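All remarks here apply to the structure that follows.
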Amino acid sequence: MLTIMATPMGMTTVTATLTDEPRVSDSTLSPSALLQLMQLASPALPVGGFSYSEVLEAAVDSQRVTNEAQAGDWLLNQLALSLERSDLPVLAQALPAWRAGDLPRVQALNDWVNTTRESAELRQQTQQMGRSLAEWLKQRAAQDARVPQLAALRPAPTWPVAFALAAAQTGAPLREALLSFGFGWAENMVQAAMRSVPLGQSAGQRILARLIEALPGAVQRAAALPDDARQAFTPMLAILSAQHETQYSRLFRS
């Protein structure tokens with residue numbers, strides 16, 4: 001069940017309940033695949049995700065986000081209006097493309113991510129994290145012929161396309177791979193909120209619980225999204241990102 005409510009800030013709050021959402025996949029997840037997905041979702045993964053706020057810092061600076069409730073609403077809206085419509089669908093399509101060895105499809109999805117980032121720093125983020133994951137995969141699975149293909153993507157491998165190859169190597173079902181990606185994003189963003197608003201650990205855990213509740217529905221919808229419905233249209237994020245590039249004082253790279 002999806003519930004949409006208007007907020008006083010003009011944003012839309014999106015909530016979802018797990019029990020009403022159909023499953024993307026009923027495939028069994030092996031213990032090894034589960035642990036590898038947990039590794040990919042961990043903030044300790046050496047890709048630098050902790051150094052980005054994805055414009056949240058600029059939203060705090062402009063007083064659009066000043067407390068726990070507003071931070072939670074902001075991130076829920078970003079999940080519904082951005083991640084669910086762009087990176088998650090790209091991952092859902094890139095993962096089977098990697099498994100099928102369909103490099104032209106992988107390149108097309110990578111091109112889409114590169115060309116639809118709405119600011120220079122958001123494009124630099126996806127490229128830097130994509131390159132870092134490609135380097136890590138060279139150490140983890142150097143024998144996989146797809147790893148040099150990922151590294152060779154131009155102008156650079158992007159984060160969701162690189163994550164798709166890492167997830168494909170685990171053998172995990174699509175839904176679980178998408179949930180891993182979404183949870184990794186959520187945990188990084190909550191840490192960014194705790195440092196930039198700032199918030200305490202308990203507040204951060206409450207926000208994370210809201211995102212966890214919404215993630216299964218977002219994953220379900222993203223997995224079903226066709227190519228022509230995929231989009232990257234978040235004008236306020238683009239404006240704030242451009243402002244963040246010259247923000248006087250900042251902790252984060254985006």
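Labels used: A, B, ... for chains in the order of the structure tokens, numbers from 1 for residues in each chain, and numbers from 1 for ligands as shown.
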
Residues near region 33-43 of chain A, cut-off 12 Å, only C-alpha atoms, skip fewer than 3 positions along chain, as an mmCIF file with N, CA and C atoms, in the first residue's frame:
data_model
loop_
_atom_site.group_PDB
_atom_site.id
_atom_site.type_symbol
_atom_site.label_atom_id
_atom_site.label_comp_id
_atom_site.auth_asym_id
_atom_site.auth_seq_id
_atom_site.Cartn_x
_atom_site.Cartn_y
_atom_site.Cartn_z
ATOM 1 N N SER A 27 13.012 -16.259 -5.499
ATOM 2 C CA SER A 27 14.217 -17.075 -5.525
ATOM 3 C C SER A 27 14.838 -17.130 -4.137
ATOM 4 N N THR A 28 15.498 -18.219 -3.862
ATOM 5 C CA THR A 28 16.147 -18.391 -2.572
ATOM 6 C C THR A 28 17.475 -17.655 -2.556
ATOM 7 N N LEU A 29 17.719 -16.945 -1.468
ATOM 8 C CA LEU A 29 18.973 -16.232 -1.299
ATOM 9 C C LEU A 29 19.902 -17.082 -0.442
ATOM 10 N N SER A 30 21.039 -17.444 -0.996
ATOM 11 C CA SER A 30 21.980 -18.280 -0.250
ATOM 12 C C SER A 30 22.649 -17.457 0.846
ATOM 13 N N PRO A 46 34.904 0.514 0.266
ATOM 14 C CA PRO A 46 35.820 1.616 -0.070
ATOM 15 C C PRO A 46 35.482 2.336 -1.377
ATOM 16 N N VAL A 47 34.308 2.964 -1.408
ATOM 17 C CA VAL A 47 33.898 3.709 -2.600
ATOM 18 C C VAL A 47 33.658 5.188 -2.296
ATOM 19 N N GLY A 48 33.762 5.579 -1.034
ATOM 20 C CA GLY A 48 33.645 7.000 -0.690
ATOM 21 C C GLY A 48 32.237 7.524 -0.551
ATOM 22 N N GLY A 49 31.250 6.640 -0.414
ATOM 23 C CA GLY A 49 29.875 7.108 -0.313
ATOM 24 C C GLY A 49 29.618 8.024 0.864
ATOM 25 N N PHE A 50 30.380 7.849 1.943
ATOM 26 C CA PHE A 50 30.202 8.660 3.153
ATOM 27 C C PHE A 50 30.535 10.133 2.917
ATOM 28 N N SER A 51 31.263 10.444 1.851
ATOM 29 C CA SER A 51 31.703 11.826 1.619
ATOM 30 C C SER A 51 30.684 12.655 0.844
ATOM 31 N N TYR A 52 29.531 12.066 0.525
ATOM 32 C CA TYR A 52 28.501 12.767 -0.244
ATOM 33 C C TYR A 52 27.208 12.887 0.564
ATOM 34 N N LEU A 133 34.443 1.362 -7.180
ATOM 35 C CA LEU A 133 33.938 -0.008 -7.078
ATOM 36 C C LEU A 133 34.596 -0.904 -8.122
ATOM 37 N N TRP A 136 37.849 -1.925 -6.748
ATOM 38 C CA TRP A 136 37.682 -2.930 -5.695
ATOM 39 C C TRP A 136 37.374 -4.301 -6.291
ATOM 40 N N LEU A 137 36.560 -4.317 -7.361
ATOM 41 C CA LEU A 137 36.215 -5.578 -8.003
ATOM 42 C C LEU A 137 37.436 -6.227 -8.662
ATOM 43 N N ARG A 140 38.715 -8.225 -5.892
ATOM 44 C CA ARG A 140 37.835 -9.289 -5.412
ATOM 45 C C ARG A 140 37.621 -10.377 -6.452
ATOM 46 N N TRP A 159 27.906 4.552 -10.719
ATOM 47 C CA TRP A 159 27.680 3.789 -9.507
ATOM 48 C C TRP A 159 26.631 2.685 -9.671
ATOM 49 N N PRO A 160 25.421 2.946 -10.179
ATOM 50 C CA PRO A 160 24.454 1.849 -10.268
ATOM 51 C C PRO A 160 24.864 0.755 -11.236
ATOM 52 N N ALA A 162 28.029 -0.122 -11.934
ATOM 53 C CA ALA A 162 29.093 -0.876 -11.269
ATOM 54 C C ALA A 162 28.523 -1.770 -10.173
ATOM 55 N N PHE A 163 27.576 -1.252 -9.408
ATOM 56 C CA PHE A 163 26.956 -2.045 -8.355
ATOM 57 C C PHE A 163 26.237 -3.250 -8.957
ATOM 58 N N ALA A 164 25.642 -3.069 -10.129
ATOM 59 C CA ALA A 164 24.930 -4.167 -10.781
ATOM 60 C C ALA A 164 25.864 -5.334 -11.065
ATOM 61 N N LEU A 165 27.096 -5.054 -11.509
ATOM 62 C CA LEU A 165 28.048 -6.144 -11.755
ATOM 63 C C LEU A 165 28.443 -6.814 -10.440
ATOM 64 N N ALA A 166 28.703 -6.013 -9.407
ATOM 65 C CA ALA A 166 29.056 -6.589 -8.107
ATOM 66 C C ALA A 166 27.929 -7.470 -7.586
ATOM 67 N N ALA A 167 26.694 -7.030 -7.749
ATOM 68 C CA ALA A 167 25.546 -7.826 -7.307
ATOM 69 C C ALA A 167 25.390 -9.076 -8.163
ATOM 70 N N ALA A 168 25.641 -8.958 -9.468
ATOM 71 C CA ALA A 168 25.542 -10.118 -10.349
ATOM 72 C C ALA A 168 26.528 -11.201 -9.935
ATOM 73 N N GLN A 169 27.694 -10.799 -9.469
ATOM 74 C CA GLN A 169 28.708 -11.772 -9.053
ATOM 75 C C GLN A 169 28.280 -12.559 -7.819
ATOM 76 N N THR A 170 27.393 -11.999 -6.995
ATOM 77 C CA THR A 170 26.952 -12.707 -5.794
ATOM 78 C C THR A 170 25.973 -13.823 -6.109
ATOM 79 N N GLY A 171 25.296 -13.751 -7.260
ATOM 80 C CA GLY A 171 24.258 -14.716 -7.593
ATOM 81 C C GLY A 171 22.942 -14.437 -6.896
ATOM 82 N N ALA A 172 22.810 -13.278 -6.270
ATOM 83 C CA ALA A 172 21.593 -12.935 -5.523
ATOM 84 C C ALA A 172 20.443 -12.626 -6.481
ATOM 85 N N PRO A 173 19.203 -12.883 -6.060
ATOM 86 C CA PRO A 173 18.038 -12.499 -6.859
ATOM 87 C C PRO A 173 17.957 -10.979 -7.003
ATOM 88 N N LEU A 174 17.191 -10.537 -7.994
ATOM 89 C CA LEU A 174 17.086 -9.117 -8.304
ATOM 90 C C LEU A 174 16.579 -8.306 -7.124
ATOM 91 N N ARG A 175 15.507 -8.758 -6.491
ATOM 92 C CA ARG A 175 14.919 -7.964 -5.411
ATOM 93 C C ARG A 175 15.927 -7.707 -4.302
ATOM 94 N N GLU A 176 16.649 -8.750 -3.902
ATOM 95 C CA GLU A 176 17.598 -8.606 -2.816
ATOM 96 C C GLU A 176 18.754 -7.681 -3.198
ATOM 97 N N ALA A 177 19.174 -7.722 -4.467
ATOM 98 C CA ALA A 177 20.220 -6.805 -4.931
ATOM 99 C C ALA A 177 19.740 -5.359 -4.857
ATOM 100 N N LEU A 178 18.502 -5.139 -5.260
ATOM 101 C CA LEU A 178 17.944 -3.786 -5.205
ATOM 102 C C LEU A 178 17.802 -3.308 -3.762
ATOM 103 N N LEU A 179 17.374 -4.193 -2.873
ATOM 104 C CA LEU A 179 17.251 -3.815 -1.469
ATOM 105 C C LEU A 179 18.613 -3.480 -0.869
ATOM 106 N N SER A 180 19.632 -4.225 -1.235
ATOM 107 C CA SER A 180 20.981 -3.938 -0.753
ATOM 108 C C SER A 180 21.429 -2.553 -1.201
ATOM 109 N N PHE A 181 21.229 -2.239 -2.455
ATOM 110 C CA PHE A 181 21.601 -0.927 -2.995
ATOM 111 C C PHE A 181 20.841 0.173 -2.261
ATOM 112 N N GLY A 182 19.522 -0.032 -2.096
ATOM 113 C CA GLY A 182 18.699 0.973 -1.441
ATOM 114 C C GLY A 182 19.086 1.182 0.008
ATOM 115 N N PHE A 183 19.383 0.085 0.716
ATOM 116 C CA PHE A 183 19.757 0.226 2.116
ATOM 117 C C PHE A 183 21.107 0.924 2.252
ATOM 118 N N GLY A 184 22.057 0.614 1.367
ATOM 119 C CA GLY A 184 23.346 1.305 1.408
ATOM 120 C C GLY A 184 23.171 2.801 1.220
ATOM 121 N N TRP A 185 22.304 3.178 0.268
ATOM 122 C CA TRP A 185 22.009 4.601 0.064
ATOM 123 C C TRP A 185 21.385 5.203 1.317
ATOM 124 N N ALA A 186 20.398 4.522 1.882
ATOM 125 C CA ALA A 186 19.684 5.045 3.048
ATOM 126 C C ALA A 186 20.624 5.252 4.222
ATOM 127 N N GLU A 187 21.502 4.287 4.484
ATOM 128 C CA GLU A 187 22.395 4.411 5.633
ATOM 129 C C GLU A 187 23.381 5.554 5.445
ATOM 130 N N ASN A 188 23.916 5.706 4.237
ATOM 131 C CA ASN A 188 24.809 6.836 3.978
ATOM 132 C C ASN A 188 24.098 8.167 4.146
ATOM 133 N N MET A 189 22.866 8.257 3.658
ATOM 134 C CA MET A 189 22.133 9.516 3.740
ATOM 135 C C MET A 189 21.751 9.854 5.174
ATOM 136 N N VAL A 190 21.417 8.855 5.959
ATOM 137 C CA VAL A 190 21.110 9.109 7.369
ATOM 138 C C VAL A 190 22.355 9.614 8.092
ATOM 139 N N GLN A 191 23.512 9.035 7.797
ATOM 140 C CA GLN A 191 24.748 9.531 8.398
ATOM 141 C C GLN A 191 25.017 10.970 7.987
ATOM 142 N N ALA A 192 24.719 11.300 6.728
ATOM 143 C CA ALA A 192 24.882 12.687 6.266
ATOM 144 C C ALA A 192 23.940 13.614 7.023
#

- Run DSSP on the backbone and grab whatever in region 79-210 of chain A lands in alpha helix (DSSP H); send it over as a PyMOL selection string. chain A and resi 79-81+87-100+103-116+120-140+146-151+159-170+174-196+201-210

- Which polymer residues have any atom within 10 Å of an atom of Ala229 (chain A), counting only C-alpha atoms, with same-chain residues fewer than 2 positions away left out, as a PyMOL selection string? chain A and resi 85-86+89+222+224-227+231

Would you mind exporting the chosen residues as a JSON list (two decimals), in the first residue's frame, restricted to N, CA and C atoms?
[["chain", "number", "residue", "atom", "x", "y", "z"],
["A", 85, "ARG", "N", 13.10, 6.20, -9.43],
["A", 85, "ARG", "CA", 12.83, 6.45, -10.85],
["A", 85, "ARG", "C", 14.08, 6.44, -11.72],
["A", 86, "SER", "N", 15.25, 6.40, -11.09],
["A", 86, "SER", "CA", 16.48, 6.46, -11.90],
["A", 86, "SER", "C", 17.47, 5.36, -11.53],
["A", 89, "PRO", "N", 15.94, 1.63, -11.08],
["A", 89, "PRO", "CA", 15.59, 0.99, -12.36],
["A", 89, "PRO", "C", 16.81, 0.67, -13.22],
["A", 222, "ALA", "N", 10.41, 0.10, -8.92],
["A", 222, "ALA", "CA", 11.58, 0.33, -9.76],
["A", 222, "ALA", "C", 11.86, -0.86, -10.67],
["A", 224, "ALA", "N", 9.81, -2.84, -11.97],
["A", 224, "ALA", "CA", 8.79, -2.95, -13.02],
["A", 224, "ALA", "C", 8.81, -1.78, -13.99],
["A", 225, "LEU", "N", 9.68, -0.81, -13.78],
["A", 225, "LEU", "CA", 9.67, 0.41, -14.59],
["A", 225, "LEU", "C", 10.31, 0.16, -15.96],
["A", 226, "PRO", "N", 9.60, 0.43, -17.05],
["A", 226, "PRO", "CA", 10.19, 0.24, -18.38],
["A", 226, "PRO", "C", 11.15, 1.38, -18.72],
["A", 227, "ASP", "N", 11.93, 1.19, -19.78],
["A", 227, "ASP", "CA", 12.92, 2.20, -20.18],
["A", 227, "ASP", "C", 12.31, 3.57, -20.38],
["A", 231, "GLN", "N", 13.32, 8.16, -15.37],
["A", 231, "GLN", "CA", 13.49, 9.61, -15.48],
["A", 231, "GLN", "C", 14.43, 10.14, -14.41]]

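Using only C-alpha atoms, the shortest contact distance between Pro216 (chain A) and any of A:Glu135, A:Asp73, A:Glu84, A:Glu54 is found at A:Glu84.
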
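Note that the spacing between CA of Arg64 (chain A) and CA of Gly200 (chain A) amounts to 18.7 Å.
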
- Smallest atom-to-atom distance to Ser196 (chain A): which of A:Ala156, A:Pro31, A:Ala232, A:Val65, using only C-alpha atoms? A:Val65

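Nearest residue to Ile207 (chain A) among A:Ala193, A:Gln107, A:Val113, A:Ser53 is A:Ala193, counting only C-alpha atoms.
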
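Shortest atom-to-atom contact with Leu237 (chain A) among A:Val161, A:Met129, A:Leu153, A:Leu75: A:Leu75, counting only C-alpha atoms.
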
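Taking only C-alpha atoms into account, Asn110 (chain A) lies nearest to A:Leu150 out of the set A:Ala145, A:Leu208, A:Leu150, A:Ala134.
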
- Nearest residue to Arg230 (chain A) from the set A:Gln201, A:Thr116, A:Gln63, A:Ser132 (distances using only C-alpha atoms): A:Thr116

- Task: Can you work out the spacing between CA of Leu76 (chain A) and CA of Pro96 (chain A) in Å, to one decimal?
- Result: 27.4 Å

- Message: Give me the residues near Gln127 (chain A) as a PyMOL selection string, where near means some atom within 8 Å (using only C-alpha atoms) and where sequence neighbours in that chain fewer than 3 positions away do not count.
- Response: chain A and resi 114+123-124+130-131+156-159

- Message: Let's see if you can do this: from backbone DSSP, list all strand (DSSP E) residues in region 3-249 of chain A, as an NGL selection string.
- Response: :A and (3-6 or 12-16)

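CA of Arg195 (chain A) to CA of Ala69 (chain A) spans 15.3 Å [interatomic distance, one decimal].
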